[in-house]
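Trainee: One structure, as structure tokens, below. Some questions next.
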Amino acid sequence: MTLSRIAPYLQATPLTAILAAFLVLPIATIVMVSFWDYDSIQIFPAFVFTNYEESLTSPVTWSTYLNTLKYTVIVWAVTLLIGFWVAYYLAFHIRSATMQMVLFLVCTIPFLTSNIIRMISWIPFLGRNGLLNQTLMTMGLIDRPLEFLLFSDFAVVLAMVHLYTLFMVTPIFNTLMRIDRALIEAARDAGANGFQILTNVIIPLAKPGIAIGSIFVVTLVMGDFITVRFMSGGQSASVGLMMANQIALLQYPAAAANAVILLVLVLLLVGAILRIVNIRKEL
Amino acid sequence: AQNPITLRQFGTGVSNLNAIAEKCKADLGITLQMTALDSDAVSQRVVTQANSFDIADIEYWICKKVFAAGTLQPMDVKKIKYYDQIVPIFTTGKLTPTSTIAQGTAPSTVGFVEGPESKTFAKAPTEWMTLIPTIYNADTLGIRPDLVGRPIKNWKDILDPAFKGKTSILNIPSIGIMDAAMICESAGIIKYGDKGNMTKAEIDVTIDFLIKTKKAGQFRAFWKTFDESVNLMASGEVVIQSMWSPAVAAVRSKGIPCVYQPLEEGYRAWGGGLGIAKHLKGAQLDAAYEYINWYLSGWVGAYLNRQGYYSAVLSTAEKNMSPDEWAFWMLGQPAKTDILSPEGKVMYTAGAVRDGGSFEQRMGAVACWNSVMDEDRYMVRRWNEFIAA
Amino acid sequence: MNSERRGPGFYVLTAFFVLFVLFLYGPMTTIFILSFQGPNGGLTFPMNGVSLRWFENLLFEQQAVGDFGGAFSRSLMLGIMTMLTTVVVSLLAGLAFRRRFLGAGPLFYLAIASLIVPSILISLGIGLAFNVFGLEPAWYSSGFGAHLTWTLPFGLLIMFAVFNRFNPAYEEAARDLGATPWQTFAHVVLPIILPSLIGVGLFGFTLSYDEFARTLMTSGSFNTLPLEIYGMTTNVTTPVLYALGTVTTVFSMAVILLALAVIAVLRKRRARRLAG
Amino acid sequence: MTKAAEIELIEVTKRYGPALAVDAVSLKIPAGTYCCLLGPSGCGKTTTLRMIAGHESVSSGDIRLGPAVVTDLAPAKRGTAMMFQSYALFPHLDIVDNVAFSLKMAGVAKPARRGRAMEMLKLVQMDHLAERRPAQLSGGQQQRVALARALITDPQVLLLDEPLSALDPFLKIKVRQELKKLQLQLGISFIHVTHSQEEAMALSDLVVVMNGGRIEQAAAPREVFNRPSTAFVARFMGDHNVLAGRVSRVAEGNATFEVPGGASFTVPDTEGLEAGAPVEIAVRTDRIRLGDGAAPGCGLTGLVQNIEYHGQKVQVALAAPGVDEFAVQVPETAFFAAPLAIGDAVPLAWTAQDVHLLKPSPAA
Amino acid sequence: MTKAAEIELIEVTKRYGPALAVDAVSLKIPAGTYCCLLGPSGCGKTTTLRMIAGHESVSSGDIRLGPAVVTDLAPAKRGTAMMFQSYALFPHLDIVDNVAFSLKMAGVAKPARRGRAMEMLKLVQMDHLAERRPAQLSGGQQQRVALARALITDPQVLLLDEPLSALDPFLKIKVRQELKKLQLQLGISFIHVTHSQEEAMALSDLVVVMNGGRIEQAAAPREVFNRPSTAFVARFMGDHNVLAGRVSRVAEGNATFEVPGGASFTVPDTEGLEAGAPVEIAVRTDRIRLGDGAAPGCGLTGLVQNIEYHGQKVQVALAAPGVDEFAVQVPETAFFAAPLAIGDAVPLAWTAQDVHLLKPSPAA
Ligand SMILES: Nc1ncnc2c1ncn2[C@@H]1O[C@H](COP(=O)(O)OP(=O)(O)OP(=O)(O)O)[C@@H](O)[C@H]1O
Ligand SMILES: Nc1ncnc2c1ncn2[C@@H]1O[C@H](COP(=O)(O)OP(=O)(O)OP(=O)(O)O)[C@@H](O)[C@H]1O
Ligand SMILES: [Mg+2]
Ligand SMILES: [Mg+2]
């Protein structure tokens with residue numbers, strides 16, 4: 001009796017310990033260090049607000065956050081659009097479960113290639129003399145290479161969409177699969193056309209999946225630094241990149257302050273999304 | 001086979017070569033475990049993970065930042081066999097007794113500390129050396145002669161509207177700012193008191209100018225790593241950009257014309273060196289010295305020279321190179337036979353001349369070194385602003 | 001749903017899906033094709049001949065810089081460690097969450113937080129914490145922990161899904177038949193959820209094997225494979241990089257296909273045993 | 001509401017790949033009929049209903065509703081409305097919006113459609129819970145909302161797939177009375193799928209017994225119960241004993257047949273019978289007397305296998321050579337006046353009029 | 001197997017937080033009894049069964065099995081075995097291993113335990129499918145395997161939670177006969193939870209009718225059906241009409257009461273009755289005659305609300321002032337000789353002996 005009462009505590013201990021050691025403690029450290037001081041060589045324990053002050057009063061911070069939010073919104077919208085239709089196609093138009101599995105696997109296989117390699121492989125494709133420009137020129141569609149394809153916001157968004165769409169597809173596919181097919185027949189019986197079924201039944205019922213996918217995409221984009229650096233050719237900034245630069249220059253307290261701000265922002269965004277759904281119920 | 005000790009060395013991919021580790025194992029029996037990182041990670045490792053390495057292969061400008069962290073120990077020059085033969089740039093700072101010390105974080109200014117426990121850099125050579133120089137070079141603009149279509153003479157040529165959207169500079173603040181300074185000065189935007197140690201006002205002028213240029217669309221990209229610069233150039237994304245000499249060689253090795261263009265204002269130089277971790281002692285410390293002495297003893301020097309870099313002790317390197325190689329690489333003379341890379345691939349055919357002339361011409365025309373300024377923190381902030389603009 | 005006839009929507013969406021797949025595979029095929037560059041080929045088109053030079057170079061020759069083999073074996077080890085730990089810890093936690101216990105809510109949200117805190121922040125935090133506490137980061141300590149903060153929440157969520165669908169009557173039946181709690185677990189619960197556990201394991205392995213941002217500041221002296229690849233991108237200008245991409249992809253695909261094949265064979269064998 | 005219309009299936013067939021789910025079914029359901037499709041699991045009831053509704057395409061054959069052939073029309077264009085097995089209420093909409101859904105689809109303005117929906121909810125006495133979500137309702141309440149949602153489209157035919165199966169037995173009886181009342185009130189046809197013969201008998205004007213994708217019998221419940229056309233129907237409806245054997249002799253006005261064990265029985269009918277042909281008869285369990293005195297070929301002696309108390313009746317199951325199952329219903333009082341025990345040998349008798357000759361099954 | 005033992009619940013209570021699921025239930029089940037726990041959804045049947053099995057702790061009270069108090073014993077130590085509602089067969093084990101599971105847990109060697117398991121499978125006639133997995137069996141087959149698995153532990157009492165609910169109606173009837181046969185053969189007690197009164201009556205020696213966590217009546221099926229102790233039992237068992245009102249007059253040997261609408265009825269019993277007190281009576285639906293000639297207080301006139309064909313009987317539902325529901329069962333032949341239609345006014349009569357006085361419900 002008593003053993004069964006303490007059993008859940010024992011069972012939860014490893015998870016708690018790992019999260020405490022590798023999540024809570026590090027974040028606490030970040031918060032602590034964000035109040036430390038530093039010069040070009042070293043960081044010292046202190047309690048100063050300069051890191052926050054510098055961050056929050058600097059127009060760079062603001063424009064960087066704005067830029068990051070811009071990426072977030074665009075990538076979110078595009079992945080949602082693509083992710084929804086792909087999930088919809090798999091869930092409603094593919095009838096055999098085996099075929100669904102196969103096509104789903106087909107979508108996941110590219111994710112087995114290292115992210116970095118996948119990203120840099122866009123460069124020969126999109127470059128000035130890349131595959132795409134050359135094809136378009138051979139076909140006579142353009143007479144000068146399109147410059148915006150690479151080292152631009154377009155390239156950043158493209159690569160992020162490429163990297164993150166699956167995070168949208170999976171949860172939406174999951175919720176769509178759980179929609180009782182009778183509901184769709186009931187809607188059709190009530191005279192709804194395809195579009196009305198979509199807007200009145202499927203989308204409302206897919207909301208939890210959309211929310212979970214959105215959480216993934218939003219957090220991934222907000223924290224990204226490598227894609228932005230590679231694909232913008234170093235020409236654009238993101239919060240992650242700013243932090244990475246600060247870390248590179250050993251400006252840990254400034255990076256930590258930025259990290260805290262980023263964390264707060266991400267938590268706010270996720271909190272807002274979570275108001276719409278209860279994830280635990282959706283599992 | 002003599003020494004069963006393992007040393008963990010890390011540094012950038014430029015000099016952290018497996019060939020060196022293999023040769024070291026063969027010659028000394030010391031096992032070198034090499035880890036190659038990008039320059040950001042290198043400086044972080046040195047500062048934050050003191051016990052994760054035995055030998056750090058770092059750049060001099062980073063040394064200025066990281067040595068104060070106390071994770072490296074100064075080396076006793078008495079134990080360095082070839083100390084006297086090290087190129088004087090690293091000791092006195094002057095290539096020849098008459099040359100001036102270039103602006104920026106010249107290696108000699110951070111090359112020595114005052115004592116075995118000290119973290120203060122000494123003004124003149126002492127017995128305690130921070131880093132043993134490994135490789136160094138003087139950088140300039142690389143160009144695609146087939147695509148620029150005009151002679152390039154000055155750093156400011158990168159601003160030519162004809163190259164709009166086809167230029168690039170380096171996005172490592174401490175290095176990029178020096179490129180920018182060379183450009184600004186050349187274009188007559190500003191005359192610096194000391195490029196290597198700008199005032200806030202000078203930083204502002206420089207960055208504002210960069211931002212303006214960026215917004216006008218002059219740059220195609222900013223590169224951070226060796227390969228990025230190679231790919232930018234090789235794929236024709238840019239036709240003129242600041243570059244490293246082996247990167248130019250790499251482009252050329254793909255059969256693409258690329259020239260490392262000497263400029264009137266001179267070069268921006270850089271150098272790297274080996275530092276010994278604080279925690280090393282006893283047999284390991286001895287092995288580290290043994291390794292460093294071997295490093296300077298010629299084989300490595302020749303190996304590095306053959307890549308277009310320069311090595312610290314020229315005399316020992318010369319003995320490990322053929323006269324023709326020496327003449328080609330160090331004296332700037334036309335090659336009499338085909339010049340091979342260390343891997344044995346033909347890099348230059350007979351008759352070729354290396355860009356930039358002889359060692360003296362090159363290293364004698366250094367206008368500045370990569371540097372860490374007093375206003376570093378401010379500069380980095382403004383640099384980020386430039387990137388974010 | 002009219003079961004036989006396909007509307008125009010089907011064809012439009014099929015086209016869309018095909019485009020999406022092409023989009024996904026486009027860069028991969030670039031890598032794949034370029035990895036067969038000729039000996040003098042570069043990282044970009046056009047192809048400069050066709051050869052297996054770069055695979056040879058990758059697999060049988062020493063690279064100028066770096067230690068691909070070491071990085072690969074470290075990533076493999078780390079992946080396996082992460083996989084095993086993820087399976088065990090999320091299984092235990094999943095079991096814990098089946099009952100009510102004090103702090104269940106906060107622990108759940110902590111796990112969710114672990115999922116949504118940007119990777120670079122975790123990496124920075126762990127790096128800093130090790131620094132502040134004077135510990136030595138290494139791929140098998142701090143790196144391992146950093147990976148767990150990424151794989152455990154996924155594992156836990158999967159276990160939630162599994163146990164939400166697990167019929168407790170199985171356990172009661174076992175108890176009724178005289179099984180001790182341990183026997184119930186070993187002979188009933190475990191075999192029934194085993195497929196999901198394998199799924200958690202494979203998932204954990206893949207996540208860890210390809211994790212970059214969280215490893216960046218936590219791997220200590222030696223590189224994991226993604227870091228090594230990242231390092232390679234900074235100094236390798238030959239298609240050996242793409243050869244590496246092709247090889248790692250083929251490797252992961254082989255692992256998955258093998259797993260699928262094993263499952264298929266087991267199934268067939270059972271079917272045969274039944275028929276026989 | 002005077003829209004009631006006749007519905008007709010003409011050789012309707014449904015194939016799933018090589019499998020025949022519904023096999024050339026023809027059926028005419030007059031306007032205003034309560035029709036039950038009855039049969040064991042997998043016999044094709046749901047498929048038939050869904051083809052009428054338009055949710056399943058017809059492989060061959062035609063469906064007529066009133067004068068129009070609706071075989072290829074969209075579900076909402078047919079004048080049918082469907083109530084789904086587990087009700088299929090939209091979980092994200094409250095009750096009024098569920099009921100108003102079809103009006104919304106048709107573009108009716110919000111106040112108007114909610115007004116109409118409230119009327120329908122009043123009809124099924126659910127107006128007081130209009131604001132709730134489906135998850136907050138009991139099974140019976142959900143059922144009524146689903147009904148309201150189906151009826152708001154003013155259909156000529158309402159199709160119901162096992163509408164009572166989710167309810168507990170107590171509620172089932174109440175709700176089926178409501179269904180019947182509503183059908184009478186609206187005057188339209190209901191087609192109701194069930195696999196409970198009790199439900200089918202209690203509700204319908206027309207019982208359609210299906211088996212293996214074919215119709216075994218389509219008739220009024222009383223006809224089906226009293227004159228099951230095949231052995232399958234007799235067994236499925238219950239309360240019938242089926243005896244099967246081969247005809248040994250055909251005389252004027254009657255015939256005799258033998259079961260494998262040797263006993264022989266009389267059939268007071270000779271239609272289609274000839275010596276040596278297989279034959280099946282049914283005798284209702286409540287028409288059998290305990291005790292001696294059977295006319296020749298109208299009785300047997302069985303061993304009691306099982307005794308079940310059914311309230312007013314006691315059902316005694318017996319076995320005899322060649323007759324595996326034979327049940328007798330004895331009125332409660334009579335049984336307890338002279339109780340039987342398992343293992344007792346009991347003589348049984350019936351009259352020749354109670355023997356009902358069965359036809360071979362079309363599905364066979 | 002002569003291990004049959006008496007089972008006794010003594011004031012057994014189960015609380016879930018503040019809610020009472022089972023409220024001080026006391027019950028004695030003699031050895032070798034087939035006992036059915038019957039009641040509507042949520043009345044506490046499953047909870048009671050699970051407390052007996054040991055899968056649910058007892059909040060207060062005691063459970064005795066034979067001479068031993070088993071309240072705090074582990075499930076496997078009690079001498080009970082449970083068959084779960086959806087059978088809970090282990091999906092990863094084949095049929096033999098499922099049945100042999102308890103022996104494996106006890107450490108019996110493989111050949112021995114598989115041998116015993118095959119014996120049990122033979123008992124339930126499932127030995128030919130021993131190698132299959134549960135998913136490859138039909139509902140009825142699974143049910144038999146579950147039975148074998150429970151019986152292999154040689155229990156004194158077998159507990160069954162709605163063992164027939166997953167089966168289709170046709171199969172239900174066959175399988176319940178098998179259950180009964182097995183219980184007789186083994187001689188142990190079966191406690192069987194159901195919410196079908198028909199199932200309970202057909203199977204049990206002892207019917208326990210529960211409502212709101214309490215026992216309304218525990219008696220032989222015939223007793224429960226003929227003399228339901230409360231209005232709840234009468235309604236739940238069906239085939240009873242309940243009339244409720246207040247006593248207006250108590251005379252010798254009988255009393256009179258009035259329903260709210262004004263009609264008054266006679267009760268041939270006065271036990272516990274006094275003027276002004278509430279009173280309820282039950283009259284069986286098959287004891288009511290159609291037509292005039294009712295003795296005073298033994299009849300009413302109702303309007304026909306609904307007519308249901310039940311095969312041998314036709315059930316007519318009527319309403320009268322103060323009497324919402326009143327049903328009459330008319331034999332089929334009689335009904336169709338003079339059919340009624342909905343809306344007809346029909347006089348009804350019964351005899352005073354058919355009136356059964358009900359007691360107030362303990363749950364109220
Ligand atoms: N989508 C489908 N694909 C293939 N076969 C199907 C499909 N739907 C039904 N069937 C088959 O068609 C036959 C009839 O199925 P249907 O659902 O109409 O039976 P039913 O009478 O409604 O049974 P139940 O009482 O179990 O609901 C069955 O054999 C079933 O297996
Ligand atoms: N674990 C629990 N926690 C809280 N309340 C419970 C729990 N289990 C059962 N109950 C409540 O106890 C009461 C009795 O439940 P029980 O399952 O015994 O009913 P039942 O008679 O078996 O009903 P059914 O016929 O629906 O199975 C119900 O009101 C139910 O809501
Ligand atoms: Mg069906
Ligand atoms: Mg229950």
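Here's how to read the names in the structure tokens: chain A, B, ... by the order shown, residue numbers from 1 in each chain, ligand numbers from 1 in the order shown.
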Around ligand 4, at most 12 Å away and counting only C-alpha atoms and all ligand atoms, which residues are there? Put them as a compact mmCIF listing (two decimals) with N, CA, C and O atoms, in the first residue's frame, please.
Mentor:
# COMPACT_ATOMS: atom_id res chain seq x y z
N ASP D 168 -28.94 2.52 -22.80
CA ASP D 168 -29.10 1.34 -21.95
C ASP D 168 -30.53 0.80 -22.12
O ASP D 168 -31.41 1.48 -22.62
N ALA E 21 -20.41 5.52 -3.94
CA ALA E 21 -20.70 4.67 -5.09
C ALA E 21 -21.47 3.44 -4.64
O ALA E 21 -22.38 2.97 -5.31
N LEU E 37 -26.07 -9.24 -10.49
CA LEU E 37 -26.23 -7.87 -9.99
C LEU E 37 -26.84 -7.08 -11.14
O LEU E 37 -26.26 -6.98 -12.21
N LEU E 38 -28.02 -6.51 -10.87
CA LEU E 38 -28.78 -5.88 -11.93
C LEU E 38 -29.09 -4.45 -11.54
O LEU E 38 -29.36 -4.17 -10.37
N GLY E 39 -29.03 -3.55 -12.47
CA GLY E 39 -29.40 -2.18 -12.16
C GLY E 39 -29.01 -1.25 -13.28
O GLY E 39 -28.28 -1.63 -14.19
N PRO E 40 -29.51 -0.04 -13.20
CA PRO E 40 -29.21 0.91 -14.28
C PRO E 40 -27.75 1.36 -14.22
O PRO E 40 -27.04 1.08 -13.24
N SER E 41 -27.33 2.05 -15.24
CA SER E 41 -25.97 2.54 -15.32
C SER E 41 -25.62 3.41 -14.11
O SER E 41 -26.41 4.26 -13.71
N GLY E 42 -24.46 3.18 -13.55
CA GLY E 42 -23.99 4.03 -12.46
C GLY E 42 -24.52 3.65 -11.09
O GLY E 42 -24.29 4.36 -10.11
N CYS E 43 -25.21 2.51 -10.97
CA CYS E 43 -25.83 2.19 -9.68
C CYS E 43 -24.84 1.52 -8.74
O CYS E 43 -25.17 1.27 -7.58
N GLY E 44 -23.65 1.18 -9.19
CA GLY E 44 -22.66 0.62 -8.29
C GLY E 44 -22.40 -0.86 -8.48
O GLY E 44 -21.69 -1.48 -7.68
N LYS E 45 -22.89 -1.44 -9.56
CA LYS E 45 -22.70 -2.88 -9.78
C LYS E 45 -21.23 -3.22 -9.97
O LYS E 45 -20.69 -4.11 -9.31
N THR E 46 -20.59 -2.49 -10.88
CA THR E 46 -19.19 -2.80 -11.16
C THR E 46 -18.34 -2.58 -9.92
O THR E 46 -17.46 -3.38 -9.60
N THR E 47 -18.62 -1.50 -9.22
CA THR E 47 -17.85 -1.20 -8.02
C THR E 47 -17.98 -2.33 -7.00
O THR E 47 -16.99 -2.77 -6.41
N THR E 48 -19.18 -2.81 -6.81
CA THR E 48 -19.39 -3.91 -5.87
C THR E 48 -18.59 -5.14 -6.29
O THR E 48 -17.87 -5.75 -5.49
N LEU E 49 -18.71 -5.47 -7.56
CA LEU E 49 -18.01 -6.65 -8.07
C LEU E 49 -16.50 -6.51 -7.89
O LEU E 49 -15.80 -7.44 -7.49
N ARG E 50 -15.99 -5.30 -8.18
CA ARG E 50 -14.56 -5.08 -8.10
C ARG E 50 -14.07 -5.10 -6.65
O ARG E 50 -12.91 -5.45 -6.39
N PHE E 84 -13.28 -9.99 -17.27
CA PHE E 84 -13.47 -8.56 -17.46
C PHE E 84 -14.43 -8.25 -18.59
O PHE E 84 -14.64 -9.07 -19.49
N GLN E 85 -14.96 -7.04 -18.51
CA GLN E 85 -16.03 -6.64 -19.43
C GLN E 85 -15.67 -6.84 -20.89
O GLN E 85 -16.40 -7.48 -21.62
N SER E 86 -14.52 -6.31 -21.31
CA SER E 86 -14.15 -6.54 -22.71
C SER E 86 -13.10 -7.66 -22.78
O SER E 86 -12.26 -7.69 -23.64
N LEU E 160 -18.14 -11.90 -13.06
CA LEU E 160 -18.25 -11.55 -14.48
C LEU E 160 -18.87 -10.17 -14.64
O LEU E 160 -19.99 -9.94 -14.18
N ASP E 161 -18.14 -9.26 -15.29
CA ASP E 161 -18.68 -7.91 -15.47
C ASP E 161 -19.23 -7.77 -16.90
O ASP E 161 -18.47 -7.71 -17.85
N GLU E 162 -20.52 -7.74 -17.01
CA GLU E 162 -21.20 -7.64 -18.31
C GLU E 162 -20.54 -8.52 -19.36
O GLU E 162 -20.09 -8.05 -20.40
N PRO E 163 -20.53 -9.82 -19.11
CA PRO E 163 -19.79 -10.71 -20.00
C PRO E 163 -20.41 -10.82 -21.38
O PRO E 163 -19.75 -11.23 -22.32
N SER E 165 -22.11 -8.23 -23.02
CA SER E 165 -22.48 -6.96 -23.64
C SER E 165 -21.82 -6.76 -25.00
O SER E 165 -22.31 -6.02 -25.82
N HIS E 192 -22.56 -12.14 -11.58
CA HIS E 192 -22.60 -11.68 -12.96
C HIS E 192 -23.28 -10.31 -12.97
O HIS E 192 -24.40 -10.15 -12.51
N VAL E 193 -22.56 -9.32 -13.46
CA VAL E 193 -23.13 -7.97 -13.52
C VAL E 193 -23.79 -7.77 -14.89
O VAL E 193 -23.22 -8.11 -15.92
N THR E 194 -24.97 -7.21 -14.87
CA THR E 194 -25.65 -6.95 -16.14
C THR E 194 -26.61 -5.79 -15.95
O THR E 194 -26.95 -5.45 -14.82
N HIS E 195 -26.95 -5.12 -17.05
CA HIS E 195 -28.09 -4.24 -16.85
C HIS E 195 -29.28 -4.65 -17.70
O HIS E 195 -30.17 -3.88 -17.94
N MET E 210 -29.97 -3.35 -7.89
CA MET E 210 -29.33 -2.20 -7.21
C MET E 210 -29.82 -0.89 -7.80
O MET E 210 -30.21 -0.82 -8.97
Trainee: Set the cut-off to 10 Å and count only C-alpha atoms: what are the residues of chain A that reach chain B? Output as a PyMOL selection string.
Mentor: chain A and resi 38-43+54-55+58-65+67+123-124+127-130+147+150-152+229-239+241-242+244-251
Trainee: Within 10 Å of chain D, which residues of chain E show up when using only C-alpha atoms, listed as a PyMOL selection string?
Mentor: chain E and resi 39-41+168-171+176-178+180-181+195-205+221-226+235-239+284+286+305-312+314-315+317+332+336+342
Trainee: For B:Tyr83, find every residue with an atom within 9 Å (counting only C-alpha atoms), except residues of its own chain fewer than 3 positions away, and show them as a list in words.
Mentor: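 The residues satisfying every condition are Val77, Lys78, Lys79, Ile80, Ile86, Ile132, Leu296 and Val313 of chain B.
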Trainee: Check the DSSP output for the backbone and give back, as an MDAnalysis selection string, the residues of stretch 287-350 of chain E in strand (DSSP E).
Mentor: chainID E and resid 289:290 299:309 313:320 323:331 345:349
Trainee: Hey, list the chain D side of the contact with chain C: 9 Å cut-off, only C-alpha atoms, answer as a list in words.
Mentor: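 Matching residues, ligands excluded from the count: Gly54, His55, Glu56 and Ser57 of chain D.
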Trainee: Taking only stretch 35-271 of chain D into account, list the residues labelled alpha helix (DSSP H) by DSSP (computed from the backbone), as a ChimeraX atom specification.
Mentor: /D:45-53,95-105,110-123,139-151,169-186,197-203,221-226,231-237
Trainee: Mind dumping the selected residues with C-alpha atoms as a CSV table (one decimal), in the first residue's frame?
Mentor:
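Heads up, here's the output in result.csv:
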chain,number,residue,atom,x,y,z
D,45,LYS,CA,-27.8,-3.2,-43.6
D,46,THR,CA,-25.5,-0.2,-43.2
D,47,THR,CA,-24.3,-0.4,-46.7
D,48,THR,CA,-27.9,-0.4,-48.0
D,49,LEU,CA,-28.8,2.6,-45.9
D,50,ARG,CA,-25.7,4.5,-46.9
D,51,MET,CA,-26.5,4.0,-50.5
D,52,ILE,CA,-29.9,5.4,-50.0
D,53,ALA,CA,-28.4,8.3,-48.2
D,95,ILE,CA,-26.6,22.1,-29.5
D,96,VAL,CA,-28.5,24.9,-31.3
D,97,ASP,CA,-25.6,25.3,-33.8
D,98,ASN,CA,-25.5,21.6,-34.4
D,99,VAL,CA,-29.2,21.6,-35.3
D,100,ALA,CA,-28.9,24.8,-37.3
D,101,PHE,CA,-25.9,23.5,-39.2
D,102,SER,CA,-27.7,22.7,-42.4
D,103,LEU,CA,-29.4,26.1,-42.4
D,104,LYS,CA,-26.1,27.8,-42.0
D,105,MET,CA,-24.7,25.8,-44.9
D,110,LYS,CA,-28.1,33.6,-37.9
D,111,PRO,CA,-31.3,34.7,-36.0
D,112,ALA,CA,-33.6,32.9,-38.5
D,113,ARG,CA,-31.6,29.7,-38.3
D,114,ARG,CA,-31.3,29.7,-34.6
D,115,GLY,CA,-35.0,30.3,-34.3
D,116,ARG,CA,-35.8,27.3,-36.5
D,117,ALA,CA,-33.3,25.2,-34.6
D,118,MET,CA,-35.0,26.1,-31.3
D,119,GLU,CA,-38.3,25.0,-32.7
D,120,MET,CA,-36.8,21.6,-33.7
D,121,LEU,CA,-35.3,21.3,-30.3
D,122,LYS,CA,-38.6,22.0,-28.7
D,123,LEU,CA,-40.1,19.2,-30.8
D,139,GLY,CA,-26.7,9.3,-24.8
D,140,GLY,CA,-30.4,9.7,-24.9
D,141,GLN,CA,-30.2,13.4,-25.1
D,142,GLN,CA,-27.6,13.3,-27.8
D,143,GLN,CA,-29.9,11.0,-29.7
D,144,ARG,CA,-32.7,13.5,-29.6
D,145,VAL,CA,-30.4,16.3,-30.8
D,146,ALA,CA,-29.2,14.2,-33.7
D,147,LEU,CA,-32.9,13.6,-34.6
D,148,ALA,CA,-33.6,17.3,-34.5
D,149,ARG,CA,-30.6,18.0,-36.7
D,150,ALA,CA,-31.7,15.4,-39.2
D,151,LEU,CA,-35.3,16.6,-39.2
D,169,PRO,CA,-32.0,-1.1,-22.1
D,170,PHE,CA,-34.3,0.9,-19.9
D,171,LEU,CA,-33.8,4.0,-22.1
D,172,LYS,CA,-34.0,2.1,-25.3
D,173,ILE,CA,-37.6,1.2,-24.7
D,174,LYS,CA,-38.6,4.8,-23.9
D,175,VAL,CA,-36.8,6.3,-26.8
D,176,ARG,CA,-38.1,3.8,-29.3
D,177,GLN,CA,-41.6,4.9,-28.3
D,178,GLU,CA,-40.7,8.5,-29.0
D,179,LEU,CA,-39.3,7.6,-32.4
D,180,LYS,CA,-42.4,5.8,-33.4
D,181,LYS,CA,-44.6,8.7,-32.1
D,182,LEU,CA,-42.5,11.2,-34.1
D,183,GLN,CA,-42.7,9.1,-37.3
D,184,LEU,CA,-46.5,9.0,-37.0
D,185,GLN,CA,-46.6,12.7,-36.3
D,186,LEU,CA,-44.4,13.7,-39.3
D,197,GLN,CA,-35.5,-8.4,-33.8
D,198,GLU,CA,-37.5,-7.1,-30.8
D,199,GLU,CA,-36.8,-3.5,-31.8
D,200,ALA,CA,-37.8,-4.2,-35.4
D,201,MET,CA,-41.0,-5.8,-34.4
D,202,ALA,CA,-42.0,-3.2,-31.9
D,203,LEU,CA,-41.4,-0.3,-34.3
D,221,PRO,CA,-43.8,-7.7,-38.6
D,222,ARG,CA,-46.7,-10.0,-37.9
D,223,GLU,CA,-46.2,-11.8,-41.2
D,224,VAL,CA,-42.5,-12.2,-40.5
D,225,PHE,CA,-43.0,-13.5,-37.0
D,226,ASN,CA,-45.9,-15.8,-37.9
D,231,ALA,CA,-35.2,-21.1,-41.8
D,232,PHE,CA,-32.8,-18.2,-41.4
D,233,VAL,CA,-35.7,-15.8,-40.7
D,234,ALA,CA,-37.4,-18.2,-38.3
D,235,ARG,CA,-34.2,-18.7,-36.3
D,236,PHE,CA,-33.3,-15.0,-36.4
D,237,MET,CA,-36.7,-13.9,-35.2
